[in-house]
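Here is the file work.cif (mmCIF, N, CA and C atoms and all ligand atoms).
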data_final
#
loop_
_atom_site.label_atom_id
_atom_site.label_comp_id
_atom_site.auth_asym_id
_atom_site.auth_seq_id
_atom_site.Cartn_x
_atom_site.Cartn_y
_atom_site.Cartn_z
N MET U 1 100.55 177.77 73.38
CA MET U 1 100.81 176.73 74.36
C MET U 1 102.21 176.16 74.17
N ALA U 2 102.99 176.18 75.20
CA ALA U 2 104.37 175.74 75.09
C ALA U 2 104.46 174.24 75.17
N GLY U 3 103.52 173.66 75.77
CA GLY U 3 103.55 172.21 75.84
C GLY U 3 104.53 171.70 76.87
N SER U 4 104.85 172.55 77.82
CA SER U 4 105.77 172.08 78.86
C SER U 4 105.07 171.02 79.72
N PRO U 5 105.86 170.07 80.16
CA PRO U 5 105.24 169.02 80.99
C PRO U 5 104.68 169.59 82.27
N GLU U 6 103.57 169.12 82.57
CA GLU U 6 102.90 169.65 83.75
C GLU U 6 103.61 169.16 85.01
N THR U 7 104.00 170.13 85.80
CA THR U 7 104.69 169.76 87.04
C THR U 7 103.69 169.76 88.19
N ALA U 8 104.05 169.01 89.13
CA ALA U 8 103.17 168.95 90.30
C ALA U 8 103.20 170.28 91.00
N PRO U 9 102.06 170.78 91.32
CA PRO U 9 102.02 172.06 92.03
C PRO U 9 102.68 171.92 93.39
N PRO U 10 103.25 173.03 93.87
CA PRO U 10 103.87 172.96 95.20
C PRO U 10 102.84 172.62 96.27
N GLY U 11 103.30 171.82 97.17
CA GLY U 11 102.36 171.41 98.21
C GLY U 11 101.81 170.03 97.96
N TYR U 12 101.99 169.59 96.71
CA TYR U 12 101.47 168.26 96.43
C TYR U 12 102.43 167.24 97.02
N GLU U 13 101.95 166.39 97.74
CA GLU U 13 102.79 165.34 98.33
C GLU U 13 102.18 164.00 98.01
N ASN U 14 103.08 163.15 97.66
CA ASN U 14 102.62 161.81 97.35
C ASN U 14 102.30 161.07 98.66
N LEU U 15 101.10 161.25 99.07
CA LEU U 15 100.72 160.61 100.32
C LEU U 15 100.51 159.11 100.09
N GLU U 16 101.35 158.38 100.73
CA GLU U 16 101.17 156.94 100.61
C GLU U 16 99.94 156.53 101.41
N PRO U 17 99.18 155.71 100.82
CA PRO U 17 97.99 155.27 101.56
C PRO U 17 98.38 154.53 102.82
N GLN U 18 97.77 154.96 103.88
CA GLN U 18 98.09 154.31 105.15
C GLN U 18 97.53 152.88 105.14
N PRO U 19 98.38 151.95 105.47
CA PRO U 19 97.86 150.57 105.57
C PRO U 19 96.88 150.46 106.73
N PRO U 20 95.83 149.78 106.49
CA PRO U 20 94.84 149.65 107.58
C PRO U 20 95.45 148.94 108.78
N THR U 21 95.36 149.60 109.88
CA THR U 21 95.92 148.99 111.08
C THR U 21 95.10 147.76 111.47
N PRO U 22 95.76 146.64 111.48
CA PRO U 22 95.01 145.41 111.83
C PRO U 22 94.59 145.41 113.29
N LEU U 23 93.40 144.97 113.50
CA LEU U 23 92.92 144.90 114.88
C LEU U 23 93.68 143.80 115.61
N PRO U 24 93.98 144.05 116.85
CA PRO U 24 94.65 143.00 117.62
C PRO U 24 93.76 141.78 117.74
N PRO U 25 94.35 140.62 117.57
CA PRO U 25 93.52 139.40 117.66
C PRO U 25 92.91 139.26 119.03
N PRO U 26 91.70 138.83 119.07
CA PRO U 26 91.02 138.71 120.37
C PRO U 26 91.54 137.53 121.16
N SER U 27 92.80 137.64 121.51
CA SER U 27 93.41 136.52 122.22
C SER U 27 93.49 136.78 123.72
N THR U 28 92.92 137.89 124.12
CA THR U 28 92.98 138.18 125.55
C THR U 28 92.16 137.14 126.30
N PRO U 29 92.79 136.47 127.22
CA PRO U 29 92.07 135.42 127.96
C PRO U 29 90.99 136.00 128.84
N LEU U 30 89.80 135.72 128.46
CA LEU U 30 88.68 136.21 129.26
C LEU U 30 88.38 135.23 130.38
N LEU U 31 88.23 135.77 131.53
CA LEU U 31 87.85 134.92 132.65
C LEU U 31 86.41 134.50 132.47
N GLU U 32 86.22 133.24 132.59
CA GLU U 32 84.86 132.75 132.43
C GLU U 32 84.05 133.06 133.68
N ILE U 33 82.96 133.70 133.43
CA ILE U 33 82.11 134.09 134.54
C ILE U 33 80.83 133.26 134.50
N GLY U 34 80.53 132.71 135.60
CA GLY U 34 79.27 131.98 135.71
C GLY U 34 78.28 132.78 136.52
N GLN U 35 77.06 132.39 136.40
CA GLN U 35 76.01 133.09 137.13
C GLN U 35 75.14 132.08 137.86
N MET U 36 74.75 132.44 139.00
CA MET U 36 73.82 131.61 139.75
C MET U 36 72.96 132.52 140.62
N VAL U 37 71.92 131.93 141.14
CA VAL U 37 71.01 132.71 141.97
C VAL U 37 71.25 132.34 143.42
N CYS U 38 71.35 133.35 144.22
CA CYS U 38 71.55 133.13 145.64
C CYS U 38 70.38 132.31 146.19
N GLY U 39 70.73 131.29 146.96
CA GLY U 39 69.69 130.42 147.49
C GLY U 39 68.88 131.06 148.59
N SER U 40 69.36 132.17 149.06
CA SER U 40 68.67 132.79 150.19
C SER U 40 67.83 133.98 149.77
N CYS U 41 68.48 134.89 149.03
CA CYS U 41 67.76 136.11 148.70
C CYS U 41 67.49 136.22 147.21
N HIS U 42 67.86 135.17 146.45
CA HIS U 42 67.57 135.09 145.02
C HIS U 42 68.23 136.21 144.23
N GLN U 43 69.29 136.74 144.77
CA GLN U 43 70.06 137.74 144.04
C GLN U 43 70.92 137.01 143.02
N LEU U 44 71.05 137.61 141.85
CA LEU U 44 71.89 137.00 140.83
C LEU U 44 73.35 137.23 141.18
N LEU U 45 74.08 136.14 141.27
CA LEU U 45 75.48 136.24 141.66
C LEU U 45 76.36 135.87 140.47
N CYS U 46 77.52 136.50 140.41
CA CYS U 46 78.51 136.16 139.41
C CYS U 46 79.70 135.52 140.11
N TYR U 47 80.26 134.54 139.47
CA TYR U 47 81.41 133.89 140.08
C TYR U 47 82.34 133.44 138.97
N LEU U 48 83.58 133.26 139.33
CA LEU U 48 84.54 132.75 138.38
C LEU U 48 84.34 131.26 138.23
N ARG U 49 84.46 130.84 136.98
CA ARG U 49 84.33 129.41 136.72
C ARG U 49 85.40 128.66 137.50
N GLY U 50 84.98 127.62 138.12
CA GLY U 50 85.91 126.85 138.91
C GLY U 50 85.78 127.13 140.39
N SER U 51 85.04 128.18 140.70
CA SER U 51 84.84 128.46 142.11
C SER U 51 83.98 127.36 142.74
N ILE U 52 84.27 127.08 143.96
CA ILE U 52 83.50 126.06 144.66
C ILE U 52 82.28 126.69 145.31
N HIS U 53 82.50 127.87 145.83
CA HIS U 53 81.36 128.54 146.42
C HIS U 53 81.46 130.03 146.10
N VAL U 54 80.36 130.67 146.23
CA VAL U 54 80.32 132.11 145.98
C VAL U 54 79.49 132.74 147.09
N GLN U 55 80.02 133.80 147.59
CA GLN U 55 79.32 134.46 148.70
C GLN U 55 78.46 135.57 148.15
N CYS U 56 77.25 135.56 148.58
CA CYS U 56 76.32 136.59 148.13
C CYS U 56 76.71 137.93 148.75
N ALA U 57 76.79 138.93 147.92
CA ALA U 57 77.16 140.24 148.42
C ALA U 57 76.00 140.92 149.11
N CYS U 58 74.84 140.33 148.94
CA CYS U 58 73.64 140.96 149.50
C CYS U 58 73.36 140.45 150.90
N CYS U 59 73.34 139.13 151.05
CA CYS U 59 72.97 138.58 152.35
C CYS U 59 74.10 137.76 152.96
N GLN U 60 75.26 137.77 152.31
CA GLN U 60 76.46 137.10 152.82
C GLN U 60 76.31 135.59 152.88
N THR U 61 75.28 135.07 152.26
CA THR U 61 75.14 133.62 152.25
C THR U 61 76.15 133.01 151.29
N VAL U 62 76.81 131.96 151.75
CA VAL U 62 77.75 131.26 150.89
C VAL U 62 76.99 130.18 150.13
N ASN U 63 76.95 130.34 148.82
CA ASN U 63 76.26 129.36 147.99
C ASN U 63 77.29 128.46 147.34
N PHE U 64 77.02 127.19 147.36
CA PHE U 64 77.90 126.26 146.69
C PHE U 64 77.55 126.19 145.22
N VAL U 65 78.58 126.20 144.42
CA VAL U 65 78.37 126.16 142.99
C VAL U 65 78.34 124.72 142.54
N LEU U 66 77.31 124.36 141.86
CA LEU U 66 77.20 123.00 141.36
C LEU U 66 76.98 123.06 139.85
N GLU U 67 77.90 122.48 139.15
CA GLU U 67 77.78 122.47 137.71
C GLU U 67 78.00 121.05 137.21
N ALA U 68 77.82 120.91 135.93
CA ALA U 68 77.94 119.58 135.34
C ALA U 68 79.35 119.04 135.49
N HIS U 69 80.30 119.95 135.40
CA HIS U 69 81.69 119.50 135.50
C HIS U 69 82.22 119.67 136.92
N GLN U 70 81.30 119.87 137.82
CA GLN U 70 81.71 120.08 139.20
C GLN U 70 82.35 118.82 139.75
N VAL U 71 83.34 119.02 140.55
CA VAL U 71 83.94 117.88 141.22
C VAL U 71 83.35 117.77 142.62
N GLY U 72 83.25 116.56 143.04
CA GLY U 72 82.73 116.33 144.38
C GLY U 72 83.85 115.84 145.29
N ASN U 73 83.55 115.82 146.53
CA ASN U 73 84.52 115.36 147.51
C ASN U 73 84.01 114.08 148.16
N VAL U 74 84.89 113.15 148.30
CA VAL U 74 84.53 111.92 148.99
C VAL U 74 85.77 111.45 149.74
N LYS U 75 85.52 110.85 150.85
CA LYS U 75 86.64 110.34 151.62
C LYS U 75 86.96 108.92 151.18
N CYS U 76 88.22 108.65 151.06
CA CYS U 76 88.66 107.31 150.69
C CYS U 76 88.21 106.33 151.77
N GLY U 77 87.63 105.22 151.31
CA GLY U 77 87.14 104.25 152.28
C GLY U 77 88.26 103.49 152.96
N ASN U 78 89.44 103.63 152.46
CA ASN U 78 90.54 102.87 153.03
C ASN U 78 91.41 103.74 153.93
N CYS U 79 91.82 104.89 153.42
CA CYS U 79 92.75 105.70 154.19
C CYS U 79 92.14 107.05 154.58
N SER U 80 90.89 107.24 154.22
CA SER U 80 90.13 108.42 154.64
C SER U 80 90.73 109.74 154.13
N VAL U 81 91.52 109.64 153.09
CA VAL U 81 92.01 110.88 152.51
C VAL U 81 90.87 111.49 151.69
N LEU U 82 90.84 112.79 151.63
CA LEU U 82 89.76 113.44 150.90
C LEU U 82 90.07 113.42 149.41
N LEU U 83 89.18 112.84 148.66
CA LEU U 83 89.38 112.72 147.22
C LEU U 83 88.41 113.62 146.49
N MET U 84 88.81 113.99 145.30
CA MET U 84 87.91 114.76 144.44
C MET U 84 87.58 113.91 143.23
N TYR U 85 86.36 113.98 142.81
CA TYR U 85 85.94 113.19 141.66
C TYR U 85 85.03 114.05 140.79
N PRO U 86 85.01 113.77 139.51
CA PRO U 86 84.09 114.51 138.64
C PRO U 86 82.67 114.16 138.96
N HIS U 87 81.83 115.16 138.87
CA HIS U 87 80.43 114.97 139.25
C HIS U 87 79.79 113.88 138.41
N GLY U 88 79.19 112.95 139.09
CA GLY U 88 78.51 111.88 138.39
C GLY U 88 79.32 110.61 138.28
N ALA U 89 80.58 110.66 138.72
CA ALA U 89 81.40 109.46 138.64
C ALA U 89 80.90 108.42 139.64
N PRO U 90 80.84 107.16 139.22
CA PRO U 90 80.33 106.13 140.13
C PRO U 90 81.35 105.74 141.20
N SER U 91 82.60 105.95 140.89
CA SER U 91 83.61 105.57 141.85
C SER U 91 84.86 106.41 141.61
N VAL U 92 85.71 106.42 142.57
CA VAL U 92 86.94 107.19 142.44
C VAL U 92 88.07 106.37 143.04
N ARG U 93 89.21 106.45 142.40
CA ARG U 93 90.33 105.69 142.93
C ARG U 93 91.22 106.62 143.73
N CYS U 94 91.60 106.17 144.87
CA CYS U 94 92.41 106.99 145.76
C CYS U 94 93.80 107.16 145.16
N SER U 95 94.24 108.40 145.19
CA SER U 95 95.57 108.66 144.64
C SER U 95 96.65 108.33 145.66
N SER U 96 96.22 108.04 146.85
CA SER U 96 97.21 107.77 147.89
C SER U 96 97.42 106.27 148.08
N CYS U 97 96.32 105.53 148.19
CA CYS U 97 96.45 104.10 148.45
C CYS U 97 95.92 103.27 147.30
N CYS U 98 95.44 103.91 146.26
CA CYS U 98 95.01 103.25 145.03
C CYS U 98 93.80 102.33 145.24
N SER U 99 93.12 102.47 146.33
CA SER U 99 91.91 101.67 146.50
C SER U 99 90.74 102.43 145.90
N VAL U 100 89.82 101.67 145.33
CA VAL U 100 88.67 102.29 144.68
C VAL U 100 87.54 102.45 145.68
N THR U 101 87.08 103.67 145.79
CA THR U 101 85.97 103.94 146.69
C THR U 101 84.73 104.21 145.86
N GLU U 102 83.69 103.45 146.12
CA GLU U 102 82.45 103.69 145.40
C GLU U 102 81.77 104.93 145.96
N ILE U 103 81.22 105.67 145.04
CA ILE U 103 80.58 106.91 145.46
C ILE U 103 79.09 106.67 145.58
N GLY U 104 78.61 106.89 146.74
CA GLY U 104 77.19 106.70 146.98
C GLY U 104 76.67 107.82 147.87
N PRO U 105 75.39 107.78 148.11
CA PRO U 105 74.81 108.84 148.93
C PRO U 105 75.28 108.79 150.38
N HIS U 106 75.94 107.68 150.74
CA HIS U 106 76.36 107.57 152.14
C HIS U 106 77.66 108.32 152.40
N ASN U 107 78.42 108.54 151.35
CA ASN U 107 79.71 109.16 151.60
C ASN U 107 79.96 110.41 150.77
N THR U 108 78.96 110.85 150.09
CA THR U 108 79.15 112.07 149.32
C THR U 108 78.57 113.25 150.08
N ARG U 109 79.14 114.35 149.78
CA ARG U 109 78.57 115.57 150.35
C ARG U 109 77.94 116.35 149.21
N GLN U 110 76.67 116.22 149.12
CA GLN U 110 75.97 116.89 148.04
C GLN U 110 76.06 118.39 148.21
N LEU U 111 76.48 119.02 147.16
CA LEU U 111 76.67 120.46 147.24
C LEU U 111 75.51 121.19 146.59
N VAL U 112 74.35 120.63 146.66
CA VAL U 112 73.20 121.31 146.11
C VAL U 112 72.92 122.54 146.97
N SER U 113 72.65 123.60 146.28
CA SER U 113 72.50 124.90 146.94
C SER U 113 71.74 124.80 148.25
N VAL U 114 72.50 124.53 149.28
CA VAL U 114 71.89 124.42 150.60
C VAL U 114 71.60 125.80 151.14
N GLN U 115 70.52 125.90 151.78
CA GLN U 115 70.20 127.18 152.39
C GLN U 115 70.81 127.19 153.78
N GLN U 116 71.60 128.19 153.97
CA GLN U 116 72.26 128.27 155.25
C GLN U 116 71.70 129.44 156.03
N GLY U 117 71.29 129.17 157.22
CA GLY U 117 70.65 130.20 158.03
C GLY U 117 71.64 131.22 158.53
N GLN U 118 72.79 130.71 158.93
CA GLN U 118 73.75 131.64 159.50
C GLN U 118 74.88 131.89 158.51
N PRO U 119 75.46 133.05 158.57
CA PRO U 119 76.58 133.34 157.68
C PRO U 119 77.78 132.46 158.01
N ALA U 120 78.60 132.26 157.01
CA ALA U 120 79.77 131.41 157.21
C ALA U 120 80.74 132.07 158.16
N PRO U 121 81.41 131.27 158.93
CA PRO U 121 82.43 131.86 159.82
C PRO U 121 83.57 132.44 159.02
N PRO U 122 84.17 133.45 159.49
CA PRO U 122 85.24 134.11 158.74
C PRO U 122 86.45 133.20 158.57
ZN ZN M 1 71.84 136.46 148.98
ZN ZN M 2 93.10 105.92 150.12
#
Go through the file and emit its structure as structure tokens.
Amino acid sequence: MAGSPETAPPGYENLEPQPPTPLPPPSTPLLEIGQMVCGSCHQLLCYLRGSIHVQCACCQTVNFVLEAHQVGNVKCGNCSVLLMYPHGAPSVRCSSCCSVTEIGPHNTRQLVSVQQGQPAPP
């Protein structure tokens, strides 16, 4: 035995360990999808959060979306401008004339899933 230092055989390559590729952070903004049941044909509908109404693809009925954070519409008692208020608010202040309009059943348009017999006009 000559005792020569052992050399790396040909073909041996110092393969550097591949660093694990980090997964991309799940920062992709997902559109929030809500679900509701069509008031007419009870088909499950999907809608984007924030939508006011969603049209049923089955029977073309336009269903109003009502959620806890839904805003309602009320006309200002002073200048009759259409105001939006968070659902459940007792009153809303007009952004135009700064008068406070109380919200009651007399001036609100309840958007509870009304059943509409005829399809909405285009
Ligand atoms: Zn429907
Ligand atoms: Zn006003």
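Each residue with an atom within 6.5 Å of any atom of ligand ZN 2 (chain M) appears in the list, which was built counting only N, CA and C atoms and all ligand atoms: U:Cys76, U:Gly77, U:Asn78, U:Cys79, U:Ser80, U:Val81, U:Cys94, U:Ser95, U:Ser96, U:Cys97, U:Cys98, U:Ser99.
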How would the residues just picked look written out with N, CA and C atoms as a PDB file, in the coordinates of the input?
ATOM      1  N   CYS U  76      88.220 108.650 151.060  1.00  0.00           N
ATOM      2  CA  CYS U  76      88.660 107.310 150.690  1.00  0.00           C
ATOM      3  C   CYS U  76      88.210 106.330 151.770  1.00  0.00           C
ATOM      4  N   GLY U  77      87.630 105.220 151.310  1.00  0.00           N
ATOM      5  CA  GLY U  77      87.140 104.250 152.280  1.00  0.00           C
ATOM      6  C   GLY U  77      88.260 103.490 152.960  1.00  0.00           C
ATOM      7  N   ASN U  78      89.440 103.630 152.460  1.00  0.00           N
ATOM      8  CA  ASN U  78      90.540 102.870 153.030  1.00  0.00           C
ATOM      9  C   ASN U  78      91.410 103.740 153.930  1.00  0.00           C
ATOM     10  N   CYS U  79      91.820 104.890 153.420  1.00  0.00           N
ATOM     11  CA  CYS U  79      92.750 105.700 154.190  1.00  0.00           C
ATOM     12  C   CYS U  79      92.140 107.050 154.580  1.00  0.00           C
ATOM     13  N   SER U  80      90.890 107.240 154.220  1.00  0.00           N
ATOM     14  CA  SER U  80      90.130 108.420 154.640  1.00  0.00           C
ATOM     15  C   SER U  80      90.730 109.740 154.130  1.00  0.00           C
ATOM     16  N   VAL U  81      91.520 109.640 153.090  1.00  0.00           N
ATOM     17  CA  VAL U  81      92.010 110.880 152.510  1.00  0.00           C
ATOM     18  C   VAL U  81      90.870 111.490 151.690  1.00  0.00           C
ATOM     19  N   CYS U  94      91.600 106.170 144.870  1.00  0.00           N
ATOM     20  CA  CYS U  94      92.410 106.990 145.760  1.00  0.00           C
ATOM     21  C   CYS U  94      93.800 107.160 145.160  1.00  0.00           C
ATOM     22  N   SER U  95      94.240 108.400 145.190  1.00  0.00           N
ATOM     23  CA  SER U  95      95.570 108.660 144.640  1.00  0.00           C
ATOM     24  C   SER U  95      96.650 108.330 145.660  1.00  0.00           C
ATOM     25  N   SER U  96      96.220 108.040 146.850  1.00  0.00           N
ATOM     26  CA  SER U  96      97.210 107.770 147.890  1.00  0.00           C
ATOM     27  C   SER U  96      97.420 106.270 148.080  1.00  0.00           C
ATOM     28  N   CYS U  97      96.320 105.530 148.190  1.00  0.00           N
ATOM     29  CA  CYS U  97      96.450 104.100 148.450  1.00  0.00           C
ATOM     30  C   CYS U  97      95.920 103.270 147.300  1.00  0.00           C
ATOM     31  N   CYS U  98      95.440 103.910 146.260  1.00  0.00           N
ATOM     32  CA  CYS U  98      95.010 103.250 145.030  1.00  0.00           C
ATOM     33  C   CYS U  98      93.800 102.330 145.240  1.00  0.00           C
ATOM     34  N   SER U  99      93.120 102.470 146.330  1.00  0.00           N
ATOM     35  CA  SER U  99      91.910 101.670 146.500  1.00  0.00           C
ATOM     36  C   SER U  99      90.740 102.430 145.900  1.00  0.00           C
TER      37      SER U  99
END
So which residues are near ligand ZN 1 (chain M), meaning at most 6.5 Å away with all atoms listed in the file counted, given back as a list of chain:residue names? U:Cys38, U:Gly39, U:Ser40, U:Cys41, U:His42, U:Gln43, U:Cys56, U:Ala57, U:Cys58, U:Cys59, U:Gln60, U:Thr61
Between CA of Val62 (chain U) and atom C of Ala89 (chain U), measure the distance and give it in Å to one decimal.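 A separation of 25.7 Å between them.
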Point (84.8, 117.6, 145.0) neighbourhood (6.5 Å, all atoms listed in the file) written as a ChimeraX atom specification: /U:70-74,83-85
Work out how far apart CA of Gly104 (chain U) and atom N of Ser91 (chain U) are and give it in Å to one decimal.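 According to the coordinates, CA of Gly104 (chain U) and atom N of Ser91 (chain U) are separated by 8.2 Å.
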What's around Glu32 (chain U) at 6.5 Å? Count all atoms listed in the file, leave out sequence neighbours fewer than 5 positions away in its own chain, and write the answer as a PyMOL selection string. chain U and resi 47-49
What separation in Å, quoted to one decimal, exists between CA of Lys75 (chain U) and CA of Ile52 (chain U)? 17.5 Å
Box in all listed atoms of region 39-56 of chain U, axis-aligned, with 4 Å more on each side; write out centre and edge lengths in Å to one decimal as lines of an AutoDock Vina configuration file.
center_x = 76.7
center_y = 132.0
center_z = 143.5
size_x = 26.4
size_y = 19.9
size_z = 21.5
